[in-house]
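Below is query_28.pdb, holding PDB, C-alpha atoms and all ligand atoms.
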ATOM      1  CA  MET A   1       0.000   0.000   0.000  1.00  0.00           C
ATOM      2  CA  ARG A   2       1.299   3.401  -0.952  1.00  0.00           C
ATOM      3  CA  ALA A   3       0.254   6.944  -0.121  1.00  0.00           C
ATOM      4  CA  LEU A   4       0.239  10.010  -2.326  1.00  0.00           C
ATOM      5  CA  LEU A   5       2.055  12.890  -0.669  1.00  0.00           C
ATOM      6  CA  LEU A   6       0.804  16.427  -1.364  1.00  0.00           C
ATOM      7  CA  ASP A   7       2.399  19.597  -0.106  1.00  0.00           C
ATOM      8  CA  ASN A   8       0.471  22.342   1.696  1.00  0.00           C
ATOM      9  CA  THR A   9      -0.668  23.776  -1.647  1.00  0.00           C
ATOM     10  CA  TYR A  10      -2.067  20.340  -2.614  1.00  0.00           C
ATOM     11  CA  PHE A  11       0.648  19.886  -5.220  1.00  0.00           C
ATOM     12  CA  PRO A  12       1.545  16.198  -5.613  1.00  0.00           C
ATOM     13  CA  VAL A  13       5.201  15.725  -4.730  1.00  0.00           C
ATOM     14  CA  ARG A  14       5.855  12.047  -4.208  1.00  0.00           C
ATOM     15  CA  ILE A  15       4.479   8.573  -3.694  1.00  0.00           C
ATOM     16  CA  VAL A  16       5.576   7.075  -0.393  1.00  0.00           C
ATOM     17  CA  SER A  17       5.187   3.739   1.369  1.00  0.00           C
ATOM     18  CA  TRP A  18       2.462   3.569   4.013  1.00  0.00           C
ATOM     19  CA  GLN A  19       5.211   3.221   6.638  1.00  0.00           C
ATOM     20  CA  LYS A  20       6.805   6.501   5.580  1.00  0.00           C
ATOM     21  CA  ALA A  21       3.349   8.124   5.481  1.00  0.00           C
ATOM     22  CA  MET A  22       2.616   6.973   9.050  1.00  0.00           C
ATOM     23  CA  ILE A  23       5.936   8.428  10.242  1.00  0.00           C
ATOM     24  CA  LEU A  24       5.122  11.799   8.645  1.00  0.00           C
ATOM     25  CA  ILE A  25       1.736  11.807  10.376  1.00  0.00           C
ATOM     26  CA  LEU A  26       2.959  10.598  13.766  1.00  0.00           C
ATOM     27  CA  THR A  27       5.740  13.200  13.762  1.00  0.00           C
ATOM     28  CA  ASN A  28       3.251  15.969  12.914  1.00  0.00           C
ATOM     29  CA  ARG A  29       4.699  16.814   9.541  1.00  0.00           C
ATOM     30  CA  ALA A  30       1.627  15.769   7.578  1.00  0.00           C
ATOM     31  CA  GLU A  31      -2.081  15.128   7.967  1.00  0.00           C
ATOM     32  CA  ILE A  32      -4.394  12.587   6.408  1.00  0.00           C
ATOM     33  CA  VAL A  33      -6.534  13.682   3.468  1.00  0.00           C
ATOM     34  CA  GLU A  34      -7.929  10.255   2.702  1.00  0.00           C
ATOM     35  CA  GLU A  35      -7.390   6.773   4.106  1.00  0.00           C
ATOM     36  CA  TYR A  36      -7.875   3.167   3.049  1.00  0.00           C
ATOM     37  CA  ASN A  37     -11.033   2.107   4.890  1.00  0.00           C
ATOM     38  CA  ASP A  38     -10.387  -1.556   4.335  1.00  0.00           C
ATOM     39  CA  LYS A  39      -6.694  -1.677   5.231  1.00  0.00           C
ATOM     40  CA  GLN A  40      -5.457  -1.330   8.752  1.00  0.00           C
ATOM     41  CA  VAL A  41      -2.300  -1.591  10.733  1.00  0.00           C
ATOM     42  CA  ARG A  42      -2.595  -2.726  14.340  1.00  0.00           C
ATOM     43  CA  THR A  43      -0.520  -1.917  17.344  1.00  0.00           C
ATOM     44  CA  VAL A  44      -1.044  -3.692  20.656  1.00  0.00           C
ATOM     45  CA  THR A  45      -3.713  -1.221  21.713  1.00  0.00           C
ATOM     46  CA  GLN A  46      -4.970   0.444  18.540  1.00  0.00           C
ATOM     47  CA  ALA A  47      -5.793  -0.007  14.894  1.00  0.00           C
ATOM     48  CA  TYR A  48      -5.142   2.682  12.307  1.00  0.00           C
ATOM     49  CA  ASN A  49      -6.484   2.906   8.780  1.00  0.00           C
ATOM     50  CA  LEU A  50      -3.624   3.137   6.324  1.00  0.00           C
ATOM     51  CA  PRO A  51      -3.165   6.545   4.705  1.00  0.00           C
ATOM     52  CA  LYS A  52      -4.103   6.853   1.028  1.00  0.00           C
ATOM     53  CA  ILE A  53      -3.456  10.577   0.519  1.00  0.00           C
ATOM     54  CA  ILE A  54      -1.571  12.770   2.952  1.00  0.00           C
ATOM     55  CA  LYS A  55      -0.762  16.460   2.957  1.00  0.00           C
ATOM     56  CA  LEU A  56       2.390  18.076   4.299  1.00  0.00           C
ATOM     57  CA  PHE A  57       2.111  21.120   6.542  1.00  0.00           C
ATOM     58  CA  ALA A  58       4.969  22.714   4.632  1.00  0.00           C
ATOM     59  CA  ARG A  59       5.582  23.770   1.083  1.00  0.00           C
ATOM     60  CA  HIS A  60       7.746  21.304  -0.751  1.00  0.00           C
ATOM     61  CA  LYS A  61      10.095  22.336  -3.494  1.00  0.00           C
ATOM     62  CA  ASN A  62      11.026  19.529  -5.799  1.00  0.00           C
ATOM     63  CA  ASN A  63      14.482  19.863  -7.169  1.00  0.00           C
ATOM     64  CA  GLN A  64      15.112  16.267  -8.100  1.00  0.00           C
ATOM     65  CA  HIS A  65      16.162  15.572 -11.652  1.00  0.00           C
ATOM     66  CA  VAL A  66      13.921  13.705 -14.035  1.00  0.00           C
ATOM     67  CA  LYS A  67      15.546  10.349 -14.750  1.00  0.00           C
ATOM     68  CA  PHE A  68      16.745   9.865 -18.285  1.00  0.00           C
ATOM     69  CA  THR A  69      14.804   6.790 -19.388  1.00  0.00           C
ATOM     70  CA  ARG A  70      13.253   5.702 -22.646  1.00  0.00           C
ATOM     71  CA  PHE A  71       9.747   6.146 -21.276  1.00  0.00           C
ATOM     72  CA  ASN A  72      10.406   9.591 -19.787  1.00  0.00           C
ATOM     73  CA  LEU A  73      11.918  10.682 -23.070  1.00  0.00           C
ATOM     74  CA  PHE A  74       8.796   9.632 -24.979  1.00  0.00           C
ATOM     75  CA  LEU A  75       6.667  11.416 -22.390  1.00  0.00           C
ATOM     76  CA  ARG A  76       8.725  14.577 -22.757  1.00  0.00           C
ATOM     77  CA  ASP A  77       8.259  14.431 -26.524  1.00  0.00           C
ATOM     78  CA  ASN A  78       4.570  13.681 -26.155  1.00  0.00           C
ATOM     79  CA  PHE A  79       4.925  10.345 -28.043  1.00  0.00           C
ATOM     80  CA  GLN A  80       5.522  12.398 -31.144  1.00  0.00           C
ATOM     81  CA  CYS A  81       8.244  11.809 -33.705  1.00  0.00           C
ATOM     82  CA  GLN A  82      10.296  14.973 -33.479  1.00  0.00           C
ATOM     83  CA  TYR A  83      10.944  14.972 -37.246  1.00  0.00           C
ATOM     84  CA  CYS A  84       7.665  14.114 -38.991  1.00  0.00           C
ATOM     85  CA  THR A  85       5.604  15.236 -35.928  1.00  0.00           C
ATOM     86  CA  ASP A  86       3.238  12.234 -36.106  1.00  0.00           C
ATOM     87  CA  LYS A  87       2.145  10.578 -32.868  1.00  0.00           C
ATOM     88  CA  PHE A  88       2.906   6.900 -32.278  1.00  0.00           C
ATOM     89  CA  PRO A  89       2.263   4.189 -29.718  1.00  0.00           C
ATOM     90  CA  LEU A  90       5.245   3.264 -27.561  1.00  0.00           C
ATOM     91  CA  HIS A  91       6.303   0.230 -29.609  1.00  0.00           C
ATOM     92  CA  LYS A  92       6.441   2.218 -32.846  1.00  0.00           C
ATOM     93  CA  LEU A  93       8.840   4.780 -31.425  1.00  0.00           C
ATOM     94  CA  THR A  94      12.560   4.614 -31.087  1.00  0.00           C
ATOM     95  CA  PHE A  95      15.051   7.228 -30.136  1.00  0.00           C
ATOM     96  CA  ASP A  96      17.337   9.210 -32.289  1.00  0.00           C
ATOM     97  CA  HIS A  97      20.664  10.817 -31.463  1.00  0.00           C
ATOM     98  CA  VAL A  98      20.374  14.254 -33.104  1.00  0.00           C
ATOM     99  CA  ILE A  99      24.141  14.380 -33.476  1.00  0.00           C
ATOM    100  CA  PRO A 100      24.913  10.718 -34.197  1.00  0.00           C
ATOM    101  CA  GLN A 101      26.969   8.783 -31.688  1.00  0.00           C
ATOM    102  CA  SER A 102      29.451   8.051 -34.433  1.00  0.00           C
ATOM    103  CA  LYS A 103      30.060  11.825 -34.638  1.00  0.00           C
ATOM    104  CA  GLY A 104      30.481  12.175 -30.881  1.00  0.00           C
ATOM    105  CA  GLY A 105      26.829  12.865 -29.991  1.00  0.00           C
ATOM    106  CA  ARG A 106      26.028  12.051 -26.384  1.00  0.00           C
ATOM    107  CA  THR A 107      23.135  10.073 -24.948  1.00  0.00           C
ATOM    108  CA  SER A 108      21.525  12.917 -23.026  1.00  0.00           C
ATOM    109  CA  TRP A 109      18.302  14.895 -22.747  1.00  0.00           C
ATOM    110  CA  GLU A 110      19.846  17.517 -25.048  1.00  0.00           C
ATOM    111  CA  ASN A 111      20.831  15.139 -27.842  1.00  0.00           C
ATOM    112  CA  VAL A 112      18.192  12.409 -27.920  1.00  0.00           C
ATOM    113  CA  VAL A 113      14.645  12.715 -29.249  1.00  0.00           C
ATOM    114  CA  ALA A 114      11.658  10.446 -29.868  1.00  0.00           C
ATOM    115  CA  CYS A 115      11.588   9.310 -33.477  1.00  0.00           C
ATOM    116  CA  CYS A 116       9.545   6.952 -35.620  1.00  0.00           C
ATOM    117  CA  HIS A 117      11.299   4.077 -37.388  1.00  0.00           C
ATOM    118  CA  PRO A 118      10.939   5.465 -40.936  1.00  0.00           C
ATOM    119  CA  CYS A 119      12.451   8.841 -39.931  1.00  0.00           C
ATOM    120  CA  ASN A 120      15.170   7.072 -37.976  1.00  0.00           C
ATOM    121  CA  LEU A 121      16.077   4.970 -41.023  1.00  0.00           C
ATOM    122  CA  LYS A 122      16.040   7.982 -43.288  1.00  0.00           C
ATOM    123  CA  LYS A 123      18.255  10.055 -41.014  1.00  0.00           C
ATOM    124  CA  ALA A 124      20.656   7.179 -40.327  1.00  0.00           C
ATOM    125  CA  ASN A 125      24.108   8.446 -39.351  1.00  0.00           C
ATOM    126  CA  LYS A 126      23.601  12.014 -40.480  1.00  0.00           C
ATOM    127  CA  THR A 127      22.820  15.227 -38.678  1.00  0.00           C
ATOM    128  CA  PRO A 128      19.399  16.842 -39.286  1.00  0.00           C
ATOM    129  CA  GLU A 129      21.102  19.633 -41.280  1.00  0.00           C
ATOM    130  CA  GLN A 130      22.759  17.121 -43.600  1.00  0.00           C
ATOM    131  CA  MET A 131      19.388  15.493 -44.249  1.00  0.00           C
ATOM    132  CA  GLY A 132      17.372  18.705 -44.433  1.00  0.00           C
ATOM    133  CA  MET A 133      15.250  17.462 -41.522  1.00  0.00           C
ATOM    134  CA  ARG A 134      13.950  19.855 -38.941  1.00  0.00           C
ATOM    135  CA  LEU A 135      13.335  19.160 -35.253  1.00  0.00           C
ATOM    136  CA  LEU A 136       9.931  20.011 -33.831  1.00  0.00           C
ATOM    137  CA  ARG A 137      11.537  21.329 -30.625  1.00  0.00           C
ATOM    138  CA  THR A 138      15.046  21.803 -29.313  1.00  0.00           C
ATOM    139  CA  PRO A 139      15.520  18.928 -26.898  1.00  0.00           C
ATOM    140  CA  LYS A 140      16.278  19.799 -23.303  1.00  0.00           C
ATOM    141  CA  GLN A 141      16.167  18.362 -19.826  1.00  0.00           C
ATOM    142  CA  PRO A 142      12.534  18.476 -18.662  1.00  0.00           C
ATOM    143  CA  SER A 143      11.764  20.027 -15.310  1.00  0.00           C
ATOM    144  CA  TRP A 144      10.179  17.992 -12.557  1.00  0.00           C
ATOM    145  CA  SER A 145       6.458  17.392 -12.960  1.00  0.00           C
ATOM    146  CA  PRO A 146       4.028  14.914 -11.398  1.00  0.00           C
ATOM    147  CA  GLY A 147       3.125  13.605 -14.844  1.00  0.00           C
ATOM    148  CA  LEU A 148       6.714  12.723 -15.639  1.00  0.00           C
ATOM    149  CA  CYS A 149       7.931  11.703 -12.251  1.00  0.00           C
ATOM    150  CA  LEU A 150       5.172   9.959 -10.310  1.00  0.00           C
ATOM    151  CA  LYS A 151       4.797   6.517 -11.796  1.00  0.00           C
ATOM    152  CA  ILE A 152       1.326   5.246 -11.070  1.00  0.00           C
ATOM    153  CA  ARG A 153       0.810   1.509 -10.825  1.00  0.00           C
ATOM    154  CA  ARG A 154      -2.288  -0.290 -11.934  1.00  0.00           C
ATOM    155  CA  ASP A 155      -3.254  -1.151  -8.342  1.00  0.00           C
ATOM    156  CA  ASP A 156      -2.848   2.367  -6.967  1.00  0.00           C
ATOM    157  CA  PRO A 157      -6.068   4.010  -5.729  1.00  0.00           C
ATOM    158  CA  LYS A 158      -8.157   5.740  -8.368  1.00  0.00           C
ATOM    159  CA  GLU A 159      -8.788   8.628  -5.948  1.00  0.00           C
ATOM    160  CA  TRP A 160      -5.234   9.790  -6.655  1.00  0.00           C
ATOM    161  CA  LYS A 161      -6.181  10.648 -10.209  1.00  0.00           C
ATOM    162  CA  GLU A 162      -7.925  13.857  -9.275  1.00  0.00           C
ATOM    163  CA  TRP A 163      -4.629  15.118  -7.876  1.00  0.00           C
ATOM    164  CA  LEU A 164      -2.623  13.877 -10.837  1.00  0.00           C
ATOM    165  CA  PRO A 165      -4.331  15.168 -13.956  1.00  0.00           C
ATOM    166  CA  ARG A 166      -1.357  14.522 -16.198  1.00  0.00           C
ATOM    167  CA  ALA A 167       0.180  11.469 -14.559  1.00  0.00           C
ATOM    168  CA  SER A 168       1.226   8.517 -16.624  1.00  0.00           C
ATOM    169  CA  SER A 169       0.786   4.846 -16.009  1.00  0.00           C
ATOM    170  CA  ALA A 170       3.882   2.721 -16.212  1.00  0.00           C
TER     171      ALA A 170
HETATM  172 ZN    ZN B   1       8.840  10.369 -38.049  1.00  0.00          ZN
END

Take the structure in the file and give it back as structure tokens.
Ligand SMILES: [Zn+2]
Amino acid sequence: MRALLLDNTYFPVRIVSWQKAMILILTNRAEIVEEYNDKQVRTVTQAYNLPKIIKLFARHKNNQHVKFTRFNLFLRDNFQCQYCTDKFPLHKLTFDHVIPQSKGGRTSWENVVACCHPCNLKKANKTPEQMGMRLLRTPKQPSWSPGLCLKIRRDDPKEWKEWLPRASSA
């Protein structure tokens, strides 16, 4: 069981284990917004419902970096080939090194974009300039956002959704 952690402005900041959520509540750093009515933890003398959504008393500034992963890259690029601009399902996308690795291009947020297979084949080991291909957007490191960074599992509570309008399932 996991709990969604909001800050005092109701901004979703993290998903935590129920144990971590209980510690935040018992140490007066957070309060319960919603609990699991059917899931309890028992001490010798008491039973507590497990927290489903909790809210910090403080503002939380998230300065973590977004992990560079295939999925996060596709999310950043909106599942859109950055050359032909068409949208594709996950399995029809690949990624393209804007400056090819063979020419010293790095595998980084700034040099890798979502790309469909036909565009990837066409571009091959060339730069976009050499091929007369234009990028939809200049690739950069995305900033932290709940949609990119909070990975919702299938069995997570559906009540979280109203706090996570743009969250992804992974
Ligand atoms: Zn394409």

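What the PyMOL selection byres (((chain A and resi 67) around 10) and not hetatm) grabs from this file is Gln64, His65, Val66, Phe68, Thr69, Arg70, Phe71, Asn72, Leu73, Trp109, Gln141, Pro142, Trp144, Leu148 and Cys149 of chain A.
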
**OP:** Can you tell me which residues come within 8 Å of ligand ZN 1 (chain B) when counting all atoms listed in the file, ideally as a list in words?
**Re:**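 These are the residues that qualify: Gln80, Cys81, Gln82, Tyr83, Cys84, Thr85, Asp86, Cys115, Cys116, His117, Pro118, Cys119 and Asn120 of chain A.
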
**OP:** Find the residues near Asn8 of chain A: any atom within 9 Å, counting only C-alpha atoms, skip ones fewer than 6 places away on the same chain, and give them as a ChimeraX atom specification.
**Re:** /A:30,55-60

**OP:** Evaluate the PyMOL selection byres (((chain A and resi 36) around 6) and not hetatm) on the structure here and hand back the selected residues as a list in words.
**Re:** Glu35, Asn37, Asp38, Lys39, Asn49, Leu50 and Lys52 of chain A

Original post:
Closest to Gly147 of chain A among A:Leu6, A:Val113, A:Leu164, A:Val41, using all atoms listed in the file?
Top reply: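 Among the listed residues, A:Leu164 lies closest to Gly147 of chain A.
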
Polymer residues at most 9 Å from Val112 of chain A, all atoms listed in the file, same-chain spacing of 3 or more positions, as a PDB file with C-alpha atoms, in the coordinates of the input:
ATOM      1  CA  LEU A  73      11.918  10.682 -23.070  1.00  0.00           C
ATOM      2  CA  PHE A  95      15.051   7.228 -30.136  1.00  0.00           C
ATOM      3  CA  ASP A  96      17.337   9.210 -32.289  1.00  0.00           C
ATOM      4  CA  HIS A  97      20.664  10.817 -31.463  1.00  0.00           C
ATOM      5  CA  VAL A  98      20.374  14.254 -33.104  1.00  0.00           C
ATOM      6  CA  ILE A  99      24.141  14.380 -33.476  1.00  0.00           C
ATOM      7  CA  GLY A 105      26.829  12.865 -29.991  1.00  0.00           C
ATOM      8  CA  ARG A 106      26.028  12.051 -26.384  1.00  0.00           C
ATOM      9  CA  THR A 107      23.135  10.073 -24.948  1.00  0.00           C
ATOM     10  CA  SER A 108      21.525  12.917 -23.026  1.00  0.00           C
ATOM     11  CA  TRP A 109      18.302  14.895 -22.747  1.00  0.00           C
ATOM     12  CA  PRO A 139      15.520  18.928 -26.898  1.00  0.00           C
ATOM     13  CA  LYS A 140      16.278  19.799 -23.303  1.00  0.00           C
TER      14      LYS A 140
END

**OP:** Provide the atom CA of Ile32 of chain A to atom CA of Ile54 of chain A distance in Å, to one decimal place.
**Re:** 4.5 Å

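Close contacts of Gly132 of chain A, defined as residues with an atom at most 10 Å away when counting all atoms listed in the file, with chain neighbours fewer than 5 positions off set aside, comprise Lys123, Lys126 and Thr127 of chain A.
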
Residues near Glu159 of chain A, cut-off 12 Å, all atoms listed in the file, skip fewer than 6 positions along chain, as a compact mmCIF listing (two decimals) with C-alpha atoms, keeping the file's coordinate frame:
# COMPACT_ATOMS: atom_id res chain seq x y z
CA ALA A 3 0.25 6.94 -0.12
CA LEU A 4 0.24 10.01 -2.33
CA VAL A 33 -6.53 13.68 3.47
CA GLU A 34 -7.93 10.26 2.70
CA GLU A 35 -7.39 6.77 4.11
CA TYR A 36 -7.88 3.17 3.05
CA LYS A 52 -4.10 6.85 1.03
CA ILE A 53 -3.46 10.58 0.52
CA ILE A 152 1.33 5.25 -11.07
CA PRO A 165 -4.33 15.17 -13.96

Original post:
How many Å separate atom CA of Val13 of chain A from atom CA of Asn62 of chain A?
Top reply: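 Computing it gives 7.0 Å between the two atoms.
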
Original post:
Rounded to one decimal in Å, what is the spacing between atom CA of Leu24 of chain A and atom CA of Tyr48 of chain A?
Top reply: 14.2 Å

Edge lengths and centre in Å to one decimal, as JSON, of the axis-aligned box that encloses all listed atoms of segment 52-66 of chain A with 8 Å added on every side?
{"center_x": 6.0, "center_y": 15.3, "center_z": -3.7, "size_x": 36.3, "size_y": 32.9, "size_z": 36.6}

Original post:
Which one of A:Asp77, A:Lys151, A:Asp7, A:Asn111 sits closest to Pro128 of chain A if you count all atoms listed in the file?
Top reply: A:Asn111

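Shown here are all protein and nucleic acid residues lying within 7 Å of (6.9, 7.4, -28.9), with all atoms listed in the file considered: Phe74, Phe79, Gln80, Cys81, Lys87, Phe88, Pro89, Leu90, Lys92, Leu93, Thr94, Ala114 and Cys115 of chain A.
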